[in-house]
>>> print(open('data39.txt').read())   # compact mmCIF, C-alpha atoms
# COMPACT_ATOMS: atom_id res chain seq x y z
CA MET I 1 52.17 -7.51 117.99
CA GLN I 2 49.83 -5.32 115.98
CA LEU I 3 49.26 -3.01 118.95
CA LYS I 4 53.02 -2.43 119.21
CA ALA I 5 53.36 -1.79 115.48
CA ILE I 6 50.98 1.17 115.54
CA PRO I 7 53.05 3.36 117.90
CA GLN I 8 56.18 2.46 115.96
CA ARG I 9 54.49 3.45 112.72
CA GLN I 10 53.31 6.69 114.27
CA GLN I 11 56.80 7.35 115.61
CA SER I 12 58.32 6.72 112.20
CA ARG I 13 55.80 9.07 110.59
CA SER I 14 56.56 11.70 113.22
CA GLN I 15 60.28 11.39 112.53
CA ARG I 16 59.70 11.76 108.79
CA MET I 17 57.56 14.85 109.35
CA GLN I 18 60.17 16.31 111.68
CA ARG I 19 62.93 15.65 109.13
CA ALA I 20 60.81 17.14 106.36
CA GLY I 21 60.25 20.24 108.49
CA GLN I 22 64.01 20.56 109.09
CA TYR I 23 64.72 20.27 105.38
CA ALA I 24 62.01 22.82 104.58
CA LEU I 25 63.47 25.23 107.15
CA ALA I 26 67.00 24.75 105.76
CA ILE I 27 65.78 25.31 102.19
CA GLY I 28 63.85 28.41 103.26
CA LEU I 29 66.88 29.91 105.04
CA THR I 30 69.10 29.13 102.05
CA LEU I 31 66.70 30.81 99.63
CA PHE I 32 66.40 33.78 101.98
CA MET I 33 70.20 34.24 101.99
CA LEU I 34 70.62 33.59 98.27
CA MET I 35 67.86 35.96 97.11
CA PRO I 36 69.90 39.20 97.54
CA ILE I 37 72.88 37.60 95.80
CA TYR I 38 70.62 36.45 92.97
CA VAL I 39 69.10 39.91 92.55
CA ILE I 40 72.54 41.57 92.53
CA ALA I 41 73.83 39.04 89.98
CA ILE I 42 70.83 39.64 87.69
CA ALA I 43 71.30 43.41 87.92
CA ALA I 44 75.04 43.13 87.26
CA PHE I 45 74.43 41.22 84.02
CA SER I 46 71.45 43.26 82.81
CA PRO I 47 71.44 46.30 80.48
CA ARG I 48 71.50 49.65 82.20
CA GLU I 49 68.01 50.45 80.88
CA ALA I 50 66.62 47.35 82.61
CA LEU I 51 67.83 48.55 86.02
CA ASN I 52 65.34 51.41 86.02
CA ALA I 53 62.44 49.27 84.82
CA PHE I 54 59.53 48.65 87.18
CA PRO I 55 58.46 46.07 88.15
CA LYS I 56 61.70 44.15 87.78
CA ALA I 57 61.49 40.58 86.53
CA LEU I 58 62.97 37.84 88.69
CA VAL I 59 63.86 35.87 85.57
CA PRO I 60 66.12 37.90 83.25
CA THR I 61 65.03 38.21 79.64
CA THR I 62 68.22 39.81 78.34
CA PHE I 63 71.86 39.20 79.18
CA SER I 64 74.45 41.95 78.93
CA VAL I 65 77.83 42.78 80.42
CA GLU I 66 77.22 46.50 79.97
CA THR I 67 76.62 47.14 83.67
CA LEU I 68 79.65 45.14 84.78
CA SER I 69 81.79 46.70 82.05
CA PHE I 70 80.72 50.16 83.21
CA PHE I 71 81.88 49.32 86.74
CA LEU I 72 85.21 47.81 85.67
CA ASN I 73 85.99 50.80 83.44
CA SER I 74 85.18 53.35 86.15
CA THR I 75 87.96 55.50 87.53
CA GLY I 76 89.90 53.95 90.38
CA VAL I 77 88.39 50.44 90.25
CA TRP I 78 91.41 48.52 88.95
CA PRO I 79 93.89 50.26 91.30
CA ALA I 80 91.50 49.44 94.14
CA VAL I 81 91.37 45.79 93.03
CA ARG I 82 95.17 45.70 92.96
CA ASN I 83 95.32 47.22 96.44
CA SER I 84 92.83 44.67 97.75
CA LEU I 85 94.90 41.81 96.34
CA ILE I 86 98.11 43.20 97.85
CA VAL I 87 96.51 43.77 101.26
CA GLY I 88 94.88 40.34 101.17
CA LEU I 89 98.14 38.57 100.35
CA LEU I 90 100.06 40.51 103.02
CA THR I 91 97.38 39.70 105.57
CA LEU I 92 97.45 36.07 104.53
CA VAL I 93 101.23 35.77 104.94
CA LEU I 94 101.39 37.65 108.25
CA ALA I 95 98.41 35.79 109.73
CA LEU I 96 99.86 32.38 108.83
CA VAL I 97 103.40 33.23 109.95
CA LEU I 98 102.11 34.35 113.34
CA GLY I 99 99.04 32.15 113.71
CA VAL I 100 100.36 28.72 112.69
CA PRO I 101 103.09 28.54 115.40
CA ALA I 102 100.65 29.83 118.01
CA GLY I 103 98.01 27.30 116.97
CA TYR I 104 100.58 24.49 117.05
CA ALA I 105 101.70 25.50 120.54
CA LEU I 106 98.11 25.49 121.81
CA ALA I 107 97.48 22.08 120.27
CA ARG I 108 100.68 20.29 121.33
CA PHE I 109 101.93 21.85 124.58
CA VAL I 110 100.32 21.97 128.01
CA PHE I 111 101.28 25.09 129.93
CA ARG I 112 99.85 27.17 132.73
CA GLY I 113 97.17 29.56 131.56
CA ARG I 114 96.49 27.83 128.23
CA ASP I 115 92.71 28.01 128.61
CA GLY I 116 92.95 31.63 129.70
CA PHE I 117 95.12 32.36 126.69
CA ARG I 118 92.46 30.86 124.40
CA LEU I 119 89.82 33.05 126.03
CA LEU I 120 92.08 36.09 125.75
CA ILE I 121 92.57 35.45 122.03
CA LEU I 122 88.84 35.13 121.49
CA SER I 123 88.06 38.22 123.58
CA THR I 124 90.04 40.44 121.19
CA ARG I 125 87.19 40.08 118.70
CA ALA I 126 84.85 41.67 121.25
CA PHE I 127 86.33 45.14 120.67
CA PRO I 128 84.66 46.90 117.74
CA ILE I 129 87.02 48.42 115.23
CA VAL I 130 85.02 51.68 115.52
CA ILE I 131 86.35 52.21 119.06
CA LEU I 132 89.94 51.74 117.90
CA SER I 133 89.67 53.80 114.70
CA ILE I 134 90.97 57.13 116.07
CA PRO I 135 93.83 55.59 118.14
CA LEU I 136 94.86 53.49 115.14
CA ALA I 137 94.83 56.49 112.80
CA VAL I 138 96.91 58.56 115.25
CA THR I 139 99.35 55.68 115.78
CA PHE I 140 99.90 55.08 112.07
CA ILE I 141 100.31 58.80 111.44
CA GLY I 142 103.05 58.84 114.09
CA TRP I 143 104.72 55.83 112.48
CA GLY I 144 104.53 57.36 109.02
CA LEU I 145 102.36 54.48 107.76
CA TYR I 146 99.09 56.34 107.31
CA ASP I 147 97.51 55.97 103.85
CA SER I 148 99.62 52.90 103.12
CA LEU I 149 98.70 49.34 102.28
CA LEU I 150 100.94 48.03 105.05
CA ALA I 151 98.86 49.82 107.68
CA VAL I 152 95.66 48.22 106.38
CA ALA I 153 97.36 44.81 106.22
CA LEU I 154 98.52 45.11 109.84
CA VAL I 155 95.02 45.93 111.05
CA HIS I 156 93.53 43.09 109.00
CA THR I 157 96.15 40.74 110.43
CA ALA I 158 95.17 41.73 113.96
CA MET I 159 91.52 41.09 113.08
CA ALA I 160 92.24 37.71 111.46
CA LEU I 161 94.75 36.35 114.00
CA PRO I 162 92.23 35.13 116.62
CA THR I 163 90.34 33.05 114.06
CA THR I 164 93.57 31.85 112.43
CA ILE I 165 95.05 30.72 115.76
CA LEU I 166 91.91 28.90 116.91
CA VAL I 167 91.36 27.25 113.52
CA THR I 168 94.96 26.08 113.14
CA SER I 169 94.93 24.82 116.73
CA SER I 170 91.89 22.66 115.95
CA VAL I 171 93.56 21.44 112.76
CA PHE I 172 96.74 20.38 114.59
CA VAL I 173 94.68 18.60 117.27
CA SER I 174 93.25 16.36 114.54
CA VAL I 175 96.77 15.27 113.48
CA PRO I 176 97.80 12.21 115.56
CA ARG I 177 100.65 12.90 117.94
CA ASP I 178 101.96 9.36 117.41
CA LEU I 179 103.11 10.19 113.89
CA GLU I 180 105.16 13.11 115.14
CA GLU I 181 106.68 11.03 117.92
CA ALA I 182 107.55 8.29 115.43
CA ALA I 183 109.37 10.83 113.28
CA LEU I 184 111.33 11.98 116.33
CA THR I 185 112.40 8.42 117.11
CA LEU I 186 113.63 8.00 113.52
CA GLY I 187 116.08 10.87 113.84
CA CYS I 188 114.06 13.94 112.89
CA THR I 189 114.37 17.12 114.91
CA GLY I 190 111.28 18.84 116.24
CA PHE I 191 111.16 21.24 113.31
CA GLU I 192 111.76 18.45 110.77
CA ALA I 193 108.95 16.37 112.28
CA PHE I 194 106.64 19.36 112.05
CA TRP I 195 107.71 20.24 108.49
CA ARG I 196 107.71 16.72 107.02
CA VAL I 197 104.90 15.00 108.94
CA VAL I 198 102.52 17.38 110.69
CA LEU I 199 102.35 20.18 108.15
CA PRO I 200 101.48 18.01 105.09
CA LEU I 201 98.66 16.35 107.04
CA ALA I 202 97.34 19.73 108.19
CA LEU I 203 97.55 21.44 104.79
CA PRO I 204 93.81 21.10 103.87
CA GLY I 205 92.73 22.77 107.09
CA LEU I 206 95.47 25.39 106.84
CA ALA I 207 94.40 26.13 103.26
CA ALA I 208 90.84 26.68 104.46
CA ALA I 209 92.08 29.00 107.22
CA ALA I 210 94.24 30.88 104.70
CA ILE I 211 91.38 31.46 102.29
CA PHE I 212 89.11 32.49 105.17
CA THR I 213 91.73 35.06 106.18
CA PHE I 214 91.98 36.35 102.62
CA VAL I 215 88.21 36.70 102.27
CA LEU I 216 88.02 38.52 105.61
CA SER I 217 90.63 40.99 104.39
CA TRP I 218 88.92 41.36 101.01
CA ASN I 219 85.53 42.21 102.54
CA GLU I 220 86.72 44.51 105.35
CA VAL I 221 85.77 48.11 104.68
CA PHE I 222 85.89 50.21 107.85
CA ALA I 223 89.61 50.04 108.65
CA ALA I 224 90.50 50.49 104.98
CA THR I 225 88.30 53.60 104.84
CA ILE I 226 89.72 55.14 108.02
CA LEU I 227 93.40 54.42 107.32
CA THR I 228 93.57 55.34 103.62
CA VAL I 229 92.75 58.30 101.44
CA ARG I 230 94.34 57.59 98.06
CA ASN I 231 95.43 53.95 98.36
CA ARG I 232 92.03 52.46 99.03
CA THR I 233 90.97 48.87 98.66
CA LEU I 234 87.98 47.89 96.53
CA PRO I 235 85.38 47.82 99.37
CA ALA I 236 86.62 51.20 100.66
CA HIS I 237 86.56 52.66 97.14
CA VAL I 238 83.03 51.41 96.49
CA MET I 239 81.85 52.68 99.87
CA GLY I 240 83.45 56.09 99.29
CA VAL I 241 81.75 56.74 95.94
CA LEU I 242 78.50 54.88 96.66
CA ASN I 243 76.33 57.92 97.31
CA ASP I 244 77.41 59.73 94.15
CA SER I 245 77.50 56.70 91.83
CA PRO I 246 74.75 55.58 89.44
CA LEU I 247 72.64 52.51 90.06
CA ALA I 248 74.65 50.36 87.63
CA PHE I 249 77.85 51.03 89.58
CA ARG I 250 76.23 49.97 92.84
CA PHE I 251 74.89 46.64 91.59
CA ALA I 252 78.09 45.75 89.74
CA GLY I 253 80.20 46.77 92.74
CA GLY I 254 78.12 44.62 95.05
CA PHE I 255 78.53 41.66 92.70
CA ALA I 256 82.30 42.18 92.54
CA LEU I 257 82.50 42.15 96.34
CA VAL I 258 80.36 39.01 96.71
CA VAL I 259 82.24 36.85 94.20
CA PRO I 260 85.31 36.05 96.42
CA SER I 261 83.06 34.85 99.24
CA LEU I 262 81.16 32.57 96.86
CA VAL I 263 84.43 31.17 95.54
CA PHE I 264 85.57 30.52 99.10
CA ILE I 265 82.38 28.59 99.94
CA PHE I 266 82.59 26.57 96.72
CA PHE I 267 86.19 25.43 97.13
CA MET I 268 86.23 25.05 100.92
CA ARG I 269 82.95 23.22 101.51
CA ARG I 270 84.72 19.86 101.90
CA TYR I 271 87.12 21.29 104.51
CA LEU I 272 84.65 23.17 106.71
CA LEU I 273 84.18 20.28 109.14
CA ASN I 274 87.86 19.32 109.11
CA MET I 275 88.78 22.87 110.10
CA TRP I 276 87.29 22.26 113.54
CA GLY I 277 89.09 18.99 114.16
CA ARG I 278 86.43 16.59 112.84
CA VAL I 279 87.38 14.00 110.24
CA THR I 280 84.73 13.00 107.74
CA LYS I 281 84.89 10.46 104.96
>>> encode(input="data39.txt", output="structure tokens")
Amino acid sequence: MQLKAIPQRQQSRSQRMQRAGQYALAIGLTLFMLMPIYVIAIAAFSPREALNAFPKALVPTTFSVETLSFFLNSTGVWPAVRNSLIVGLLTLVLALVLGVPAGYALARFVFRGRDGFRLLILSTRAFPIVILSIPLAVTFIGWGLYDSLLAVALVHTAMALPTTILVTSSVFVSVPRDLEEAALTLGCTGFEAFWRVVLPLALPGLAAAAIFTFVLSWNEVFAATILTVRNRTLPAHVMGVLNDSPLAFRFAGGFALVVPSLVFIFFMRRYLLNMWGRVTK
């Protein structure tokens, strides 16, 4: 019995060491990703004199909103924030209106070419927006939509639709079909069963997909830069004046662009697994 206990003890020790190594690797990767955000946050809430100091301290000694106030009071920042919010909301509405029915159809109906359609949706993300920049600009000029928020929202919707469709499809797969069939037997129409039964159960995952779509639109910079001149979103505005702006503007602008993504991760962490059709308790 003692001879058998030694290999088991060694195996248990090996498992603990392996788990400790995994935790150490996860902590190291997390710190590696958080370090730039931490440095930007410190710079955004430091006095402007401290930005030029060398060497810079990793632990701030003074706290000031001077740098962030300088960015917020700069010319064109608040109109750019308003434009980003408008484009994000338009993208959110269009992506959900088009993506939710498509995701529901993929999850509930079996039709010829469904797997190919999934692959076709995913393959649209393989085309870089750089290749399509000139055709898009020419097309929107011909439509009279160039330098408009609607043009940016349409491009962002096209970029967000593949993810929205695949995410909503996975969300609807996790909703039991039996509940929908029971609603149909009780007198509901197909739309009523979807509206009263399926949609409330899928709302957490749909909310996560909606916020993901909004964050994607908020952070996108290339299409907004190509398709606008005066009505630019916040990332396009920051990118356009980055070379000529002082150091305080750059750090504060970077912090303002990172904040929505951090908010998304904070509020959606409990739904990240459910988005892909897994139910956790």
>>> residues_near_point(input="data39.txt", point="(91.0, 50.7, 88.5)", cutoff="12 Å", atoms="all atoms listed in the file", output="VMD selection string")
chain I and resid 69 to 84 231 to 234 237 to 238
>>> write_last_selection(input="data39.txt", atoms="C-alpha atoms", output="tab-separated table (two decimals), in the frame of the given file")
chain	number	residue	atom	x	y	z
I	69	SER	CA	81.79	46.70	82.05
I	70	PHE	CA	80.72	50.16	83.21
I	71	PHE	CA	81.88	49.32	86.74
I	72	LEU	CA	85.21	47.81	85.67
I	73	ASN	CA	85.99	50.80	83.44
I	74	SER	CA	85.18	53.35	86.15
I	75	THR	CA	87.96	55.50	87.53
I	76	GLY	CA	89.90	53.95	90.38
I	77	VAL	CA	88.39	50.44	90.25
I	78	TRP	CA	91.41	48.52	88.95
I	79	PRO	CA	93.89	50.26	91.30
I	80	ALA	CA	91.50	49.44	94.14
I	81	VAL	CA	91.37	45.79	93.03
I	82	ARG	CA	95.17	45.70	92.96
I	83	ASN	CA	95.32	47.22	96.44
I	84	SER	CA	92.83	44.67	97.75
I	231	ASN	CA	95.43	53.95	98.36
I	232	ARG	CA	92.03	52.46	99.03
I	233	THR	CA	90.97	48.87	98.66
I	234	LEU	CA	87.98	47.89	96.53
I	237	HIS	CA	86.56	52.66	97.14
I	238	VAL	CA	83.03	51.41	96.49
>>> closest_atom_pairs(input="data39.txt", of="range 56-109 of chain I", to="range 159-176 of chain I", cutoff="7 Å", atoms="all atoms listed in the file", output="JSON lines")
{"residue": "I:Ala95", "atom": "CA", "partner": "I:Leu161", "partner_atom": "CA", "distance": 5.7}
{"residue": "I:Gly99", "atom": "CA", "partner": "I:Ile165", "partner_atom": "CA", "distance": 4.7}
{"residue": "I:Val100", "atom": "CA", "partner": "I:Thr168", "partner_atom": "CA", "distance": 6.0}
{"residue": "I:Ala102", "atom": "CA", "partner": "I:Ile165", "partner_atom": "CA", "distance": 6.1}
{"residue": "I:Gly103", "atom": "CA", "partner": "I:Ser169", "partner_atom": "CA", "distance": 4.0}
{"residue": "I:Tyr104", "atom": "CA", "partner": "I:Ser169", "partner_atom": "CA", "distance": 5.7}
{"residue": "I:Leu106", "atom": "CA", "partner": "I:Ser169", "partner_atom": "CA", "distance": 6.0}
{"residue": "I:Ala107", "atom": "CA", "partner": "I:Ser169", "partner_atom": "CA", "distance": 5.2}
>>> closest_residue(input="data39.txt", among="I:Leu85, I:Leu179, I:Val65, I:Leu149", to="Arg48 in chain I", atoms="only C-alpha atoms")
I:Val65
>>> residues_around(input="data39.txt", residues="range 191-201 of chain I", least_positions_apart="4", cutoff="7 Å", atoms="only C-alpha atoms", output="PyMOL selection string")
chain I and resi 175+180+183-184
